[in-house]
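S.K.: Got a structure for you, questions after.
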Amino acid sequence: DTWEDTKNMLINGKADVRMPSSLPAIASTTLSYGTQPIMENSRVLMTLDSRTDLYYKDYDHFSSLKIGITYSMLNNTQVKDCFEDLKVSEDQMITYPSYDEVRTALDNGEVDAIISSIMDLKDGLKTLARFDSVFSYISMSIDNPYLDILDNALEELKVSDPAFIPL
């Protein structure tokens with residue numbers, strides 16, 4: 001399944017735990033999130049390796065790019081807060097329902113670059129800018145009583161071995 005489908009898997013009871021999960025900008029009415037981070041994750045502006053006209057941290061050129069992003073990332077995270085530092089605007093964003101569609105748009109030349117998680121950086125892509133480092137958490141359906149148990153266990157591990165969870 002795609003990453004976007006994992007939320008529905010939790011809601012529909014096909015999965016019990018989702019991780020890593022980014023905290024939503026607005027509290028969810030369907031999912032609960034732990035309080036103990038399980039890993040740190042970055043968002044990246046990336047493009048195809050074949051784009052020899054685009055370079056890492058070449059901020060002066062980012063304002064001319066058409067940028068693909070999922071609707072969810074644009075509207076449910078704090079990614080917009082980073083646009084000024086990247087020298088891009090929301091007007092440059094072309095939204096898609098899923099990451100697969102964002103990637104297809106990049107491959108087909110519909111967009112010049114994409115914004116996504118560093119975990120989506122695969123062969124054939126290169127990083128133009130790394131930004132918005134955020135912690136990821138465990139998430140479960142809002143009525144699942146086991147989240148507190150897992151969260152408490154992660155806290156005990158962190159107290160016993162501070163190096164266990166990268167902060």
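Within each chain, counting starts at residue 1; across the structure tokens, chains are named A, B, ... in the order shown, with ligands numbered 1 upward in that order.
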Quick one: DSSP helix (DSSP H, G or I) residues in chain A, as a count of residues only?
M.R.: 57
S.K.: For Thr6 of chain A, work out the shell of residues within 10 Å, counting only C-alpha atoms and skipping chain neighbours fewer than 5 positions away, then give it as a PyMOL selection string.
M.R.: chain A and resi 1+11-12+14-15+17-19+21
S.K.: Take the residues that were just selected and, keeping N, CA, C and O atoms, output them as a short mmCIF file (atom, residue, chain, number, x, y, z; two decimals), in the first residue's frame.
M.R.:
```
data_model
loop_
_atom_site.label_atom_id
_atom_site.label_comp_id
_atom_site.auth_asym_id
_atom_site.auth_seq_id
_atom_site.Cartn_x
_atom_site.Cartn_y
_atom_site.Cartn_z
N ASP A 1 0.83 -1.20 0.00
CA ASP A 1 0.00 0.00 0.00
C ASP A 1 0.87 1.25 0.00
O ASP A 1 2.01 1.23 0.42
N ILE A 11 -7.65 3.56 10.40
CA ILE A 11 -9.05 3.93 10.63
C ILE A 11 -9.98 2.74 10.38
O ILE A 11 -10.95 2.52 11.12
N ASN A 12 -9.67 1.94 9.36
CA ASN A 12 -10.51 0.79 9.00
C ASN A 12 -10.20 -0.46 9.80
O ASN A 12 -10.81 -1.50 9.57
N LYS A 14 -7.46 -2.29 9.68
CA LYS A 14 -6.59 -3.24 8.99
C LYS A 14 -5.17 -3.22 9.55
O LYS A 14 -4.39 -4.13 9.30
N ALA A 15 -4.83 -2.17 10.28
CA ALA A 15 -3.53 -2.05 10.94
C ALA A 15 -3.76 -1.48 12.33
O ALA A 15 -4.75 -0.77 12.57
N VAL A 17 -0.90 -0.08 14.23
CA VAL A 17 0.11 0.93 14.51
C VAL A 17 0.64 1.50 13.20
O VAL A 17 0.85 0.76 12.24
N ARG A 18 0.88 2.79 13.19
CA ARG A 18 1.50 3.45 12.04
C ARG A 18 2.71 4.21 12.56
O ARG A 18 2.60 4.99 13.50
N MET A 19 3.85 3.97 11.94
CA MET A 19 5.03 4.73 12.30
C MET A 19 6.03 4.67 11.17
O MET A 19 6.08 3.67 10.46
N SER A 21 5.03 8.60 11.98
CA SER A 21 3.96 9.52 11.64
C SER A 21 4.34 10.92 12.07
O SER A 21 4.82 11.12 13.19
#
```
S.K.: Record the distance separating atom CA of Leu54 of chain A and atom CA of Asn41 of chain A, expressed in Å with one decimal.
M.R.: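 Atom-to-atom, atom CA of Leu54 of chain A and atom CA of Asn41 of chain A are spaced 23.5 Å apart.
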S.K.: Tell me, in Å to one decimal, how far atom CA of Asp49 of chain A is from atom CA of Ala129 of chain A.
M.R.: 13.8 Å
S.K.: Which polymer residues have any atom within 10 Å of an atom of segment 109-111 of chain A, counting only C-alpha atoms, with same-chain residues fewer than 2 positions away left out, as a list in words?
M.R.: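 With the cut-off at 10 Å, the set is Thr47, Leu48, Leu65, Lys66, Ile67, Gly68, Ile69, Gln92, Met93, Ile94, Val102, Arg103, Thr104, Ala105, Leu106, Asp107, Ala113 and Ile114 of chain A.
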S.K.: Could the residues in this selection be saved with N, CA, C and O atoms as a tab-separated table (two decimals), in the first residue's frame?
M.R.:
```tsv
chain	number	residue	atom	x	y	z
A	47	THR	N	14.67	17.04	-7.06
A	47	THR	CA	14.38	16.99	-8.48
A	47	THR	C	15.08	15.77	-9.07
A	47	THR	O	15.78	15.04	-8.37
A	48	LEU	N	14.90	15.58	-10.34
A	48	LEU	CA	15.54	14.46	-11.03
A	48	LEU	C	17.05	14.71	-11.14
A	48	LEU	O	17.49	15.84	-11.36
A	65	LEU	N	10.56	27.77	-10.07
A	65	LEU	CA	10.20	26.36	-10.26
A	65	LEU	C	8.71	26.10	-10.05
A	65	LEU	O	8.08	26.71	-9.19
A	66	LYS	N	8.17	25.16	-10.82
A	66	LYS	CA	6.86	24.58	-10.53
A	66	LYS	C	7.15	23.40	-9.60
A	66	LYS	O	7.97	22.53	-9.94
A	67	ILE	N	6.48	23.39	-8.43
A	67	ILE	CA	6.81	22.40	-7.41
A	67	ILE	C	5.60	21.53	-7.09
A	67	ILE	O	4.53	22.04	-6.76
A	68	GLY	N	5.78	20.23	-7.18
A	68	GLY	CA	4.73	19.28	-6.83
A	68	GLY	C	4.78	18.93	-5.35
A	68	GLY	O	5.86	18.79	-4.76
A	69	ILE	N	3.62	18.78	-4.75
A	69	ILE	CA	3.50	18.45	-3.32
A	69	ILE	C	2.14	17.81	-3.10
A	69	ILE	O	1.19	18.11	-3.83
A	92	GLN	N	3.52	28.63	-6.35
A	92	GLN	CA	4.32	27.72	-7.17
A	92	GLN	C	3.93	26.26	-6.97
A	92	GLN	O	4.33	25.39	-7.74
A	93	MET	N	3.16	25.99	-5.92
A	93	MET	CA	2.84	24.61	-5.56
A	93	MET	C	1.71	24.07	-6.43
A	93	MET	O	0.69	24.73	-6.63
A	94	ILE	N	1.92	22.87	-6.94
A	94	ILE	CA	0.89	22.14	-7.66
A	94	ILE	C	0.59	20.91	-6.82
A	94	ILE	O	1.49	20.09	-6.56
A	102	VAL	N	2.62	12.80	-7.36
A	102	VAL	CA	3.65	13.85	-7.34
A	102	VAL	C	4.88	13.36	-8.11
A	102	VAL	O	5.42	14.07	-8.96
A	103	ARG	N	5.29	12.16	-7.81
A	103	ARG	CA	6.48	11.60	-8.46
A	103	ARG	C	6.26	11.41	-9.96
A	103	ARG	O	7.14	11.68	-10.77
A	104	THR	N	5.08	10.96	-10.35
A	104	THR	CA	4.76	10.81	-11.77
A	104	THR	C	4.81	12.16	-12.47
A	104	THR	O	5.32	12.28	-13.59
A	105	ALA	N	4.29	13.21	-11.82
A	105	ALA	CA	4.32	14.56	-12.41
A	105	ALA	C	5.76	15.02	-12.62
A	105	ALA	O	6.08	15.63	-13.64
A	106	LEU	N	6.65	14.70	-11.68
A	106	LEU	CA	8.06	15.05	-11.83
A	106	LEU	C	8.68	14.27	-13.00
A	106	LEU	O	9.34	14.86	-13.86
A	107	ASP	N	8.43	12.99	-13.03
A	107	ASP	CA	8.98	12.14	-14.10
A	107	ASP	C	8.48	12.57	-15.47
A	107	ASP	O	9.21	12.46	-16.46
A	113	ALA	N	10.30	20.27	-9.64
A	113	ALA	CA	10.81	19.72	-8.39
A	113	ALA	C	9.63	19.29	-7.53
A	113	ALA	O	8.48	19.60	-7.85
A	114	ILE	N	9.93	18.58	-6.46
A	114	ILE	CA	8.89	18.15	-5.53
A	114	ILE	C	9.35	18.40	-4.10
A	114	ILE	O	10.54	18.45	-3.82
```
S.K.: Just checking: using only C-alpha atoms, which residue out of A:Asp100, A:Asp123, A:Glu40, A:Asp132 ends up closest to Asp85 of chain A?
M.R.: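 Looking at the shortest contact to Asp85 of chain A, the residue is A:Asp132.
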S.K.: So, counting only C-alpha atoms, which residue among A:Lys80, A:Met9, A:Ile118, A:Thr35 is closest to Asn152 of chain A?
M.R.: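 Closest to Asn152 of chain A of all the choices is A:Thr35.
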S.K.: Would you work out the distance separating atom CA of Asn108 of chain A from atom CA of Tyr59 of chain A, expressed in Å to one decimal?
M.R.: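 These atoms are spaced 23.6 Å apart.
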S.K.: What's the 10 Å shell around His61 of chain A, counting only C-alpha atoms, without same-chain residues fewer than 4 positions away, as a list in words?
M.R.: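 Here the qualifying residues turn out to be Asp53, Leu54, Tyr55, Lys57, Leu65, Leu86, Lys87 and Val88 of chain A.
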S.K.: Determine, counting only C-alpha atoms, which protein, DNA and RNA residues have an atom within 8 Å of an atom of segment 70-75 of chain A; residues of the same chain fewer than 3 positions away are not included. Present the result as a PyMOL selection string.
M.R.: chain A and resi 78-80+95-99+102+116
S.K.: Excluding Ser141 of chain A and any residue of its chain fewer than 4 positions from it, enumerate the residues within 7 Å of it, using only C-alpha atoms, and give them as a PyMOL selection string.
M.R.: chain A and resi 10-11+30-32
S.K.: Hey, what does DSSP flag as strand (DSSP E or B) within segment 13-165 of chain A? Can you give it to me as a ChimeraX atom specification?
M.R.: /A:18-22,31-33,39-48,67-70,93-96,113-117,125-141
S.K.: Taking into account only C-alpha atoms, which residue in the set A:Asp112, A:Asp143, A:Glu156, A:Asp120 is nearest to Phe62 of chain A?
M.R.: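 For Phe62 of chain A, the nearest of the candidates is A:Asp112.
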S.K.: For Phe83 of chain A, list every protein, DNA or RNA residue within 10 Å, evaluated using only C-alpha atoms, and leave out those in the same chain fewer than 6 positions away; present the list as a CSV table (one decimal) with N, CA, C and O atoms, in the first residue's frame.
M.R.:
```
chain,number,residue,atom,x,y,z
A,63,SER,N,12.6,30.2,-7.0
A,63,SER,CA,11.4,30.9,-7.1
A,63,SER,C,10.8,30.8,-8.5
A,63,SER,O,9.6,31.1,-8.7
A,89,SER,N,7.0,30.2,-3.1
A,89,SER,CA,5.7,30.7,-2.6
A,89,SER,C,4.7,29.6,-2.8
A,89,SER,O,4.9,28.7,-3.6
A,90,GLU,N,3.6,29.8,-2.1
A,90,GLU,CA,2.5,28.8,-2.3
A,90,GLU,C,1.9,28.8,-3.7
A,90,GLU,O,1.4,27.8,-4.2
A,131,PHE,N,15.2,20.8,4.7
A,131,PHE,CA,14.6,21.7,5.6
A,131,PHE,C,13.6,21.1,6.5
A,131,PHE,O,13.2,19.9,6.4
```
